[in-house]
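Down below is the structure, laid out as structure tokens.
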Amino acid sequence: MRVLVVFGTRPEAIKLIPVIQELKKHAPKVETVVCVTSQHREMLDQVLDIFSIKPDHDLDLMQKNQDLASLTATILDNLTGLIRKVQPDWVLVQGDTTTTFTAALAAYYCKVKVAHIEAGLRTGNKYSPFPEEINRCLTGRITDLHFPPTGVSRDNLLKEGIDPDSVWVTGNTVVDALQQIANRLAEENTYKKQFEFIEPDRKIILVTGHRRESFGSNLENICLALKKIAGENNSIQVIYPVHLNPSVWEPVHKILGESKHIHLIYPLDYLAFVYLMSISDLIITDSGGVQEEAPSLGKYVLITRNTTERPEGIEAGVAELVGADTGLIASASKRILNNNTLTPDEIRDKSPYGDGQASSRIVEVLLSGRCNEFM
Ligand code: UD1
Ligand code: UDP
């Protein structure tokens, strides 16, 4: 069996590398071919380097300030040619990016079967998140084998009329990646050098943010909330690895660049970022992956969005939606830092996203058509 694994961005890489590692254990029965579109460049390379993955094909497509239409067209054109050349039995995609959807479409045009990891996440609002909600709905329409991480995401697929025999609940592969890194954190410590700027007498709020629907006034309001939190409280510092998208990088630096106790830093490699999450007191984010990782590390999350396709964390009581409301972000941060009713162990116990076995389940289904599902 030949499997072509296609990805392009940081989160897809983090969540697909454990699956690639698992597939490679089955060589020569399975031939694994890895293609990166490089929709991201530096942020993708950080992940490839940390896990020592060398792609077989690198389309090298990132353009500065790329727009959705031209990115889609270029990936589609390049990938269709590659799929015809490689002739895989399966194209494996993950998540909801432009690379995900376009790779599924290219596979369909070449009449190659598609397996979709992290299938079935939905908000029901086509503009939130934009364009990810439509990317994953369209990918699901093309997909032959669906791997939803949880029962909630499985039910979303079944409500859309997807054949139940093509759906396998696996847990999220991000937990597999996180467990690998957590083991390495105990053995390596050179990454700690870059954190000498951390103020030891202050609690840490870790922030990330990049969603397109937040660009403009919402992102400004989130930054103003961070300024208020760090300015009004003398026991807090904010650490913010800023996403390289110029629509994020530029306004964030303009609003927060001079603020005391707010540390704006370059995106961290995954090892360093997991360490930073593990020593944080609170995480504020709009990231999908971080929403899943934080509870696994015993951290509470404030989600700077109005909707989430990951309601499991909210239902478990380890996350809450705070939108882009300056006052609400500031007051919720204060409440959690001063009076979090849950201990890290309690948060970890409630973590709903996976058990570290998702990749082996996915490969088992690809090879044998069955697995013991994640409950
Ligand atoms: C993309 C995905 C989003 C995912 C996010 C993860 C789409 C439409 N969006 O958003 O679903 O959650 O990645 O981070 O697929 N850039 C760099 N270097 C990098 C990465 C990005 O300079 O390593 C800059 C470039 O100017 C690029 C811009 O960021 O044009 C936007 O990148 P793009 O992948 O189109 O969108 P993201 O906002 O990163
Ligand atoms: N991440 C990272 N370095 C950083 C910020 C985030 O390695 O400086 C990781 C994070 O742990 C998570 C993933 O990147 O696994 C999330 O990526 P992003 O927020 O870009 O995308 P999303 O998950 O929202 O699609």
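Each chain of the structure tokens is named A, B, ... in the order shown, its residues numbered from 1; ligands are numbered from 1 in display order.
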
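Scanning region 4-56 of chain A with DSSP on the backbone, the strand (DSSP E or B) assignments fall on Leu4, Val5, Val6, Phe7, Glu31, Thr32, Val33, Val34, Cys35 and Val36 of chain A.
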
Exercise. Got a sec: who's within 10 Å of Gln46 (chain A), counting only C-alpha atoms, leaving out chain neighbours fewer than 2 positions off, as a ChimeraX atom specification?
Worked result: /A:10,13,41-44,48-52,267-271

Using N, CA and C atoms, can you export the residues from the last selection as a PDB file, in the first residue's frame?
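Contents of the output file again_34.pdb:
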```pdb
ATOM      1  N   ARG A  10       2.108  24.579  10.282  1.00  0.00           N
ATOM      2  CA  ARG A  10       2.621  24.105  11.585  1.00  0.00           C
ATOM      3  C   ARG A  10       1.691  23.087  12.265  1.00  0.00           C
ATOM      4  N   ALA A  13       1.548  19.669  10.622  1.00  0.00           N
ATOM      5  CA  ALA A  13       2.808  18.918  10.796  1.00  0.00           C
ATOM      6  C   ALA A  13       2.840  18.257  12.167  1.00  0.00           C
ATOM      7  N   ARG A  41       6.369  28.355   5.849  1.00  0.00           N
ATOM      8  CA  ARG A  41       7.769  28.020   5.628  1.00  0.00           C
ATOM      9  C   ARG A  41       8.508  27.898   6.959  1.00  0.00           C
ATOM     10  N   GLU A  42       8.847  29.038   7.591  1.00  0.00           N
ATOM     11  CA  GLU A  42       9.670  28.946   8.810  1.00  0.00           C
ATOM     12  C   GLU A  42       8.967  28.130   9.903  1.00  0.00           C
ATOM     13  N   MET A  43       7.640  28.363  10.043  1.00  0.00           N
ATOM     14  CA  MET A  43       6.909  27.695  11.137  1.00  0.00           C
ATOM     15  C   MET A  43       6.728  26.202  10.869  1.00  0.00           C
ATOM     16  N   LEU A  44       6.735  25.816   9.606  1.00  0.00           N
ATOM     17  CA  LEU A  44       6.696  24.390   9.259  1.00  0.00           C
ATOM     18  C   LEU A  44       8.073  23.769   9.488  1.00  0.00           C
ATOM     19  N   LEU A  48       9.433  20.289  11.387  1.00  0.00           N
ATOM     20  CA  LEU A  48      10.171  19.225  10.685  1.00  0.00           C
ATOM     21  C   LEU A  48      11.518  18.994  11.361  1.00  0.00           C
ATOM     22  N   ASP A  49      12.180  20.090  11.758  1.00  0.00           N
ATOM     23  CA  ASP A  49      13.503  19.964  12.388  1.00  0.00           C
ATOM     24  C   ASP A  49      13.413  19.255  13.735  1.00  0.00           C
ATOM     25  N   ILE A  50      12.452  19.661  14.556  1.00  0.00           N
ATOM     26  CA  ILE A  50      12.339  19.083  15.907  1.00  0.00           C
ATOM     27  C   ILE A  50      12.107  17.574  15.852  1.00  0.00           C
ATOM     28  N   PHE A  51      11.329  17.129  14.838  1.00  0.00           N
ATOM     29  CA  PHE A  51      11.027  15.696  14.736  1.00  0.00           C
ATOM     30  C   PHE A  51      11.918  14.987  13.707  1.00  0.00           C
ATOM     31  N   SER A  52      12.913  15.702  13.168  1.00  0.00           N
ATOM     32  CA  SER A  52      13.843  15.136  12.165  1.00  0.00           C
ATOM     33  C   SER A  52      13.114  14.457  11.007  1.00  0.00           C
ATOM     34  N   PRO A 267       7.867  32.983  16.918  1.00  0.00           N
ATOM     35  CA  PRO A 267       7.266  31.663  17.181  1.00  0.00           C
ATOM     36  C   PRO A 267       8.322  30.679  17.685  1.00  0.00           C
ATOM     37  N   LEU A 268       7.930  29.867  18.664  1.00  0.00           N
ATOM     38  CA  LEU A 268       8.875  28.923  19.276  1.00  0.00           C
ATOM     39  C   LEU A 268       8.802  27.575  18.581  1.00  0.00           C
ATOM     40  N   ASP A 269       9.915  26.839  18.594  1.00  0.00           N
ATOM     41  CA  ASP A 269       9.801  25.474  18.100  1.00  0.00           C
ATOM     42  C   ASP A 269       8.926  24.699  19.093  1.00  0.00           C
ATOM     43  N   TYR A 270       8.417  23.539  18.652  1.00  0.00           N
ATOM     44  CA  TYR A 270       7.386  22.843  19.430  1.00  0.00           C
ATOM     45  C   TYR A 270       7.884  22.419  20.817  1.00  0.00           C
ATOM     46  N   LEU A 271       9.136  22.002  20.891  1.00  0.00           N
ATOM     47  CA  LEU A 271       9.704  21.579  22.176  1.00  0.00           C
ATOM     48  C   LEU A 271       9.661  22.752  23.174  1.00  0.00           C
TER      49      LEU A 271
END
```

Problem set entry | Polymer residues at most 6 Å from Val5 (chain A), only C-alpha atoms, same-chain spacing of 2 or more positions, as a count of residues only | 3

Exercise. So which residues of region 50-184 of chain A fall under helix (DSSP H, G or I) by DSSP, listed as a ChimeraX atom specification?
Worked result: /A:50,68-86,98-109,132-142,151-159,164-166,173-184

Find the residues of chain A that sit at most 8 Å from ligand 1; for each, write down the nearest two atoms and how far apart they are in Å, to one decimal. Count only C-alpha atoms and all ligand atoms. Sort by chain, then by number going up, and give it as JSON lines.
```
{"residue": "A:Gly8", "atom": "CA", "partner": "ligand 1", "partner_atom_place_in_ligand_line": "34 (O)", "distance": 7.8}
{"residue": "A:Thr9", "atom": "CA", "partner": "ligand 1", "partner_atom_place_in_ligand_line": "13 (O)", "distance": 5.5}
{"residue": "A:Arg10", "atom": "CA", "partner": "ligand 1", "partner_atom_place_in_ligand_line": "14 (O)", "distance": 5.8}
{"residue": "A:Pro11", "atom": "CA", "partner": "ligand 1", "partner_atom_place_in_ligand_line": "6 (C)", "distance": 5.8}
{"residue": "A:Gln39", "atom": "CA", "partner": "ligand 1", "partner_atom_place_in_ligand_line": "34 (O)", "distance": 5.1}
{"residue": "A:His40", "atom": "CA", "partner": "ligand 1", "partner_atom_place_in_ligand_line": "20 (C)", "distance": 3.9}
{"residue": "A:Arg41", "atom": "CA", "partner": "ligand 1", "partner_atom_place_in_ligand_line": "23 (O)", "distance": 3.9}
{"residue": "A:Glu42", "atom": "CA", "partner": "ligand 1", "partner_atom_place_in_ligand_line": "23 (O)", "distance": 3.8}
{"residue": "A:Met43", "atom": "CA", "partner": "ligand 1", "partner_atom_place_in_ligand_line": "23 (O)", "distance": 3.7}
{"residue": "A:Leu44", "atom": "CA", "partner": "ligand 1", "partner_atom_place_in_ligand_line": "23 (O)", "distance": 5.8}
{"residue": "A:Asp45", "atom": "CA", "partner": "ligand 1", "partner_atom_place_in_ligand_line": "23 (O)", "distance": 7.6}
{"residue": "A:Met62", "atom": "CA", "partner": "ligand 1", "partner_atom_place_in_ligand_line": "30 (O)", "distance": 6.2}
{"residue": "A:Gln63", "atom": "CA", "partner": "ligand 1", "partner_atom_place_in_ligand_line": "30 (O)", "distance": 5.1}
{"residue": "A:Lys64", "atom": "CA", "partner": "ligand 1", "partner_atom_place_in_ligand_line": "26 (O)", "distance": 3.4}
{"residue": "A:Asn65", "atom": "CA", "partner": "ligand 1", "partner_atom_place_in_ligand_line": "30 (O)", "distance": 3.5}
{"residue": "A:Gln66", "atom": "CA", "partner": "ligand 1", "partner_atom_place_in_ligand_line": "30 (O)", "distance": 3.9}
{"residue": "A:Asp67", "atom": "CA", "partner": "ligand 1", "partner_atom_place_in_ligand_line": "35 (O)", "distance": 6.5}
{"residue": "A:Leu68", "atom": "CA", "partner": "ligand 1", "partner_atom_place_in_ligand_line": "8 (C)", "distance": 6.2}
{"residue": "A:Leu71", "atom": "CA", "partner": "ligand 1", "partner_atom_place_in_ligand_line": "35 (O)", "distance": 7.4}
{"residue": "A:Asp96", "atom": "CA", "partner": "ligand 1", "partner_atom_place_in_ligand_line": "11 (O)", "distance": 5.9}
{"residue": "A:Thr97", "atom": "CA", "partner": "ligand 1", "partner_atom_place_in_ligand_line": "15 (O)", "distance": 3.4}
{"residue": "A:Thr98", "atom": "CA", "partner": "ligand 1", "partner_atom_place_in_ligand_line": "15 (O)", "distance": 3.8}
{"residue": "A:Thr99", "atom": "CA", "partner": "ligand 1", "partner_atom_place_in_ligand_line": "15 (O)", "distance": 6.2}
{"residue": "A:Thr100", "atom": "CA", "partner": "ligand 1", "partner_atom_place_in_ligand_line": "15 (O)", "distance": 7.7}
{"residue": "A:Phe130", "atom": "CA", "partner": "ligand 1", "partner_atom_place_in_ligand_line": "8 (C)", "distance": 7.6}
{"residue": "A:Pro131", "atom": "CA", "partner": "ligand 1", "partner_atom_place_in_ligand_line": "8 (C)", "distance": 5.9}
{"residue": "A:Glu132", "atom": "CA", "partner": "ligand 1", "partner_atom_place_in_ligand_line": "11 (O)", "distance": 5.5}
{"residue": "A:His210", "atom": "CA", "partner": "ligand 1", "partner_atom_place_in_ligand_line": "38 (O)", "distance": 5.8}
{"residue": "A:Arg211", "atom": "CA", "partner": "ligand 1", "partner_atom_place_in_ligand_line": "38 (O)", "distance": 6.4}
{"residue": "A:Arg212", "atom": "CA", "partner": "ligand 1", "partner_atom_place_in_ligand_line": "38 (O)", "distance": 6.4}
{"residue": "A:His243", "atom": "CA", "partner": "ligand 1", "partner_atom_place_in_ligand_line": "14 (O)", "distance": 7.1}
{"residue": "A:Leu244", "atom": "CA", "partner": "ligand 1", "partner_atom_place_in_ligand_line": "16 (N)", "distance": 4.7}
{"residue": "A:Asn245", "atom": "CA", "partner": "ligand 1", "partner_atom_place_in_ligand_line": "29 (O)", "distance": 3.1}
{"residue": "A:Pro246", "atom": "CA", "partner": "ligand 1", "partner_atom_place_in_ligand_line": "26 (O)", "distance": 5.8}
{"residue": "A:Ser247", "atom": "CA", "partner": "ligand 1", "partner_atom_place_in_ligand_line": "29 (O)", "distance": 7.8}
{"residue": "A:Ser287", "atom": "CA", "partner": "ligand 1", "partner_atom_place_in_ligand_line": "12 (O)", "distance": 6.8}
{"residue": "A:Gly288", "atom": "CA", "partner": "ligand 1", "partner_atom_place_in_ligand_line": "12 (O)", "distance": 7.1}
```

Residues of region 30-118 of chain A at most 10 Å from region 148-152 of chain A: nearest atom pair and distance in Å, only C-alpha atoms, as a tab-separated table:
```
residue	atom	partner	partner_atom	distance
A:Gly95	CA	A:Pro148	CA	10.0
A:His116	CA	A:Pro148	CA	8.2
A:Ile117	CA	A:Pro148	CA	6.6
A:Glu118	CA	A:Pro148	CA	4.9
```

Take the residues from that selection and put them in a file with all heavy atoms, as a compact mmCIF listing (two decimals), in the first residue's frame.
```txt
# COMPACT_ATOMS: atom_id res chain seq x y z
N GLY A 95 -7.06 18.01 9.38
CA GLY A 95 -7.51 19.33 9.81
C GLY A 95 -8.32 20.11 8.79
O GLY A 95 -9.17 19.53 8.11
N HIS A 116 -9.17 11.37 6.19
CA HIS A 116 -9.14 12.69 6.84
C HIS A 116 -9.02 12.54 8.35
O HIS A 116 -9.90 11.97 9.00
CB HIS A 116 -10.42 13.46 6.48
CG HIS A 116 -10.45 14.85 7.01
ND1 HIS A 116 -11.63 15.52 7.29
CD2 HIS A 116 -9.45 15.73 7.31
CE1 HIS A 116 -11.35 16.73 7.73
NE2 HIS A 116 -10.03 16.89 7.75
N ILE A 117 -7.93 13.06 8.88
CA ILE A 117 -7.67 13.03 10.32
C ILE A 117 -8.17 14.34 10.93
O ILE A 117 -8.02 15.40 10.33
CB ILE A 117 -6.15 12.85 10.56
CG1 ILE A 117 -5.73 11.49 10.00
CG2 ILE A 117 -5.81 12.97 12.05
CD1 ILE A 117 -4.25 11.25 10.02
N GLU A 118 -8.73 14.24 12.15
CA GLU A 118 -9.40 15.37 12.81
C GLU A 118 -10.63 15.78 12.00
O GLU A 118 -10.90 16.95 11.74
CB GLU A 118 -8.45 16.57 13.00
CG GLU A 118 -8.94 17.55 14.06
CD GLU A 118 -7.94 18.70 14.28
OE1 GLU A 118 -7.04 18.54 15.12
OE2 GLU A 118 -8.07 19.74 13.60
```

Exercise. Any idea what's packed within 7 Å of Val30 (chain A), counting only C-alpha atoms, ignoring anything in its chain fewer than 3 positions away? Could you give it as JSON, numbers by chain?
Worked result: {"A": [1, 2, 23, 26, 27]}

Problem set entry | Contact residues around region 216-231 of chain A with only C-alpha atoms at 9 Å, ignoring same-chain residues under 5 positions, as a ChimeraX atom specification | /A:207,209-211,236-238,247-248,251-252,255-256,259-262,304,323-331,333-334

Exercise. Expressed in Å to a single decimal, how great is the separation between CA of Gly317 (chain A) and CA of Pro241 (chain A)?
Worked result: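 About the pair CA of Gly317 (chain A) and CA of Pro241 (chain A): they are 26.0 Å apart.
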
For this session: May I have the residues within 9 Å of Arg305 (chain A) as a list in words, using only C-alpha atoms and disregarding those fewer than 4 positions away in the same chain?
Result: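 In the requested format, the answer is Ser128, Pro129, Arg211, Ser214, Thr285, Asp286, Leu321, Val322, Gly323 and Ala324 of chain A.
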
Write the residues of the preceding selection, restricted to N, CA, C and O atoms, as an mmCIF file, in the first residue's frame.
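result.cif was written with the following content:
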```cif
data_model
loop_
_atom_site.group_PDB
_atom_site.id
_atom_site.type_symbol
_atom_site.label_atom_id
_atom_site.label_comp_id
_atom_site.auth_asym_id
_atom_site.auth_seq_id
_atom_site.Cartn_x
_atom_site.Cartn_y
_atom_site.Cartn_z
ATOM 1 N N SER A 128 -16.976 31.334 10.721
ATOM 2 C CA SER A 128 -16.281 31.302 12.006
ATOM 3 C C SER A 128 -15.970 29.863 12.411
ATOM 4 O O SER A 128 -16.890 29.138 12.790
ATOM 5 N N PRO A 129 -14.753 29.396 12.309
ATOM 6 C CA PRO A 129 -13.598 30.143 11.819
ATOM 7 C C PRO A 129 -13.565 30.178 10.282
ATOM 8 O O PRO A 129 -14.013 29.235 9.635
ATOM 9 N N ARG A 211 -6.320 33.967 14.184
ATOM 10 C CA ARG A 211 -7.477 33.666 13.322
ATOM 11 C C ARG A 211 -7.831 34.836 12.409
ATOM 12 O O ARG A 211 -7.873 35.990 12.838
ATOM 13 N N SER A 214 -10.460 37.383 13.285
ATOM 14 C CA SER A 214 -10.143 38.347 14.352
ATOM 15 C C SER A 214 -9.329 39.538 13.846
ATOM 16 O O SER A 214 -9.098 40.478 14.605
ATOM 17 N N THR A 285 -5.855 31.999 24.117
ATOM 18 C CA THR A 285 -5.538 31.605 22.741
ATOM 19 C C THR A 285 -6.778 31.543 21.863
ATOM 20 O O THR A 285 -7.888 31.413 22.377
ATOM 21 N N ASP A 286 -6.563 31.621 20.547
ATOM 22 C CA ASP A 286 -7.636 31.255 19.614
ATOM 23 C C ASP A 286 -7.237 30.032 18.795
ATOM 24 O O ASP A 286 -7.906 29.654 17.845
ATOM 25 N N LEU A 321 -15.158 30.488 26.538
ATOM 26 C CA LEU A 321 -15.104 31.453 25.437
ATOM 27 C C LEU A 321 -15.172 32.858 26.014
ATOM 28 O O LEU A 321 -16.081 33.156 26.790
ATOM 29 N N VAL A 322 -14.224 33.724 25.639
ATOM 30 C CA VAL A 322 -14.267 35.114 26.123
ATOM 31 C C VAL A 322 -14.338 36.111 24.971
ATOM 32 O O VAL A 322 -14.364 37.320 25.197
ATOM 33 N N GLY A 323 -14.402 35.619 23.723
ATOM 34 C CA GLY A 323 -14.508 36.510 22.573
ATOM 35 C C GLY A 323 -13.336 37.473 22.506
ATOM 36 O O GLY A 323 -12.207 37.150 22.914
ATOM 37 N N ALA A 324 -13.626 38.672 21.977
ATOM 38 C CA ALA A 324 -12.575 39.692 21.870
ATOM 39 C C ALA A 324 -12.949 40.877 22.745
ATOM 40 O O ALA A 324 -12.604 42.020 22.445
#
```

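CA of Leu276 (chain A) is positioned 13.9 Å from CA of Val242 (chain A).
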
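Atom pair CA of Ile53 (chain A) / CA of Ile20 (chain A): separated by 9.2 Å.
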
Problem set entry | Contacts of Tyr275 (chain A) within 12 Å, only C-alpha atoms, excl. fewer than 2 positions in-chain, as a ChimeraX atom specification | /A:178,181-186,188-195,206,268-273,277-280,293-294,297

Exercise. Counting only C-alpha atoms and all ligand atoms, which of A:Val363, A:Ile283, A:Cys371, A:Ile162 gets nearest to ligand 2?
Worked result: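 Among the listed residues, A:Ile283 lies closest to ligand 2.
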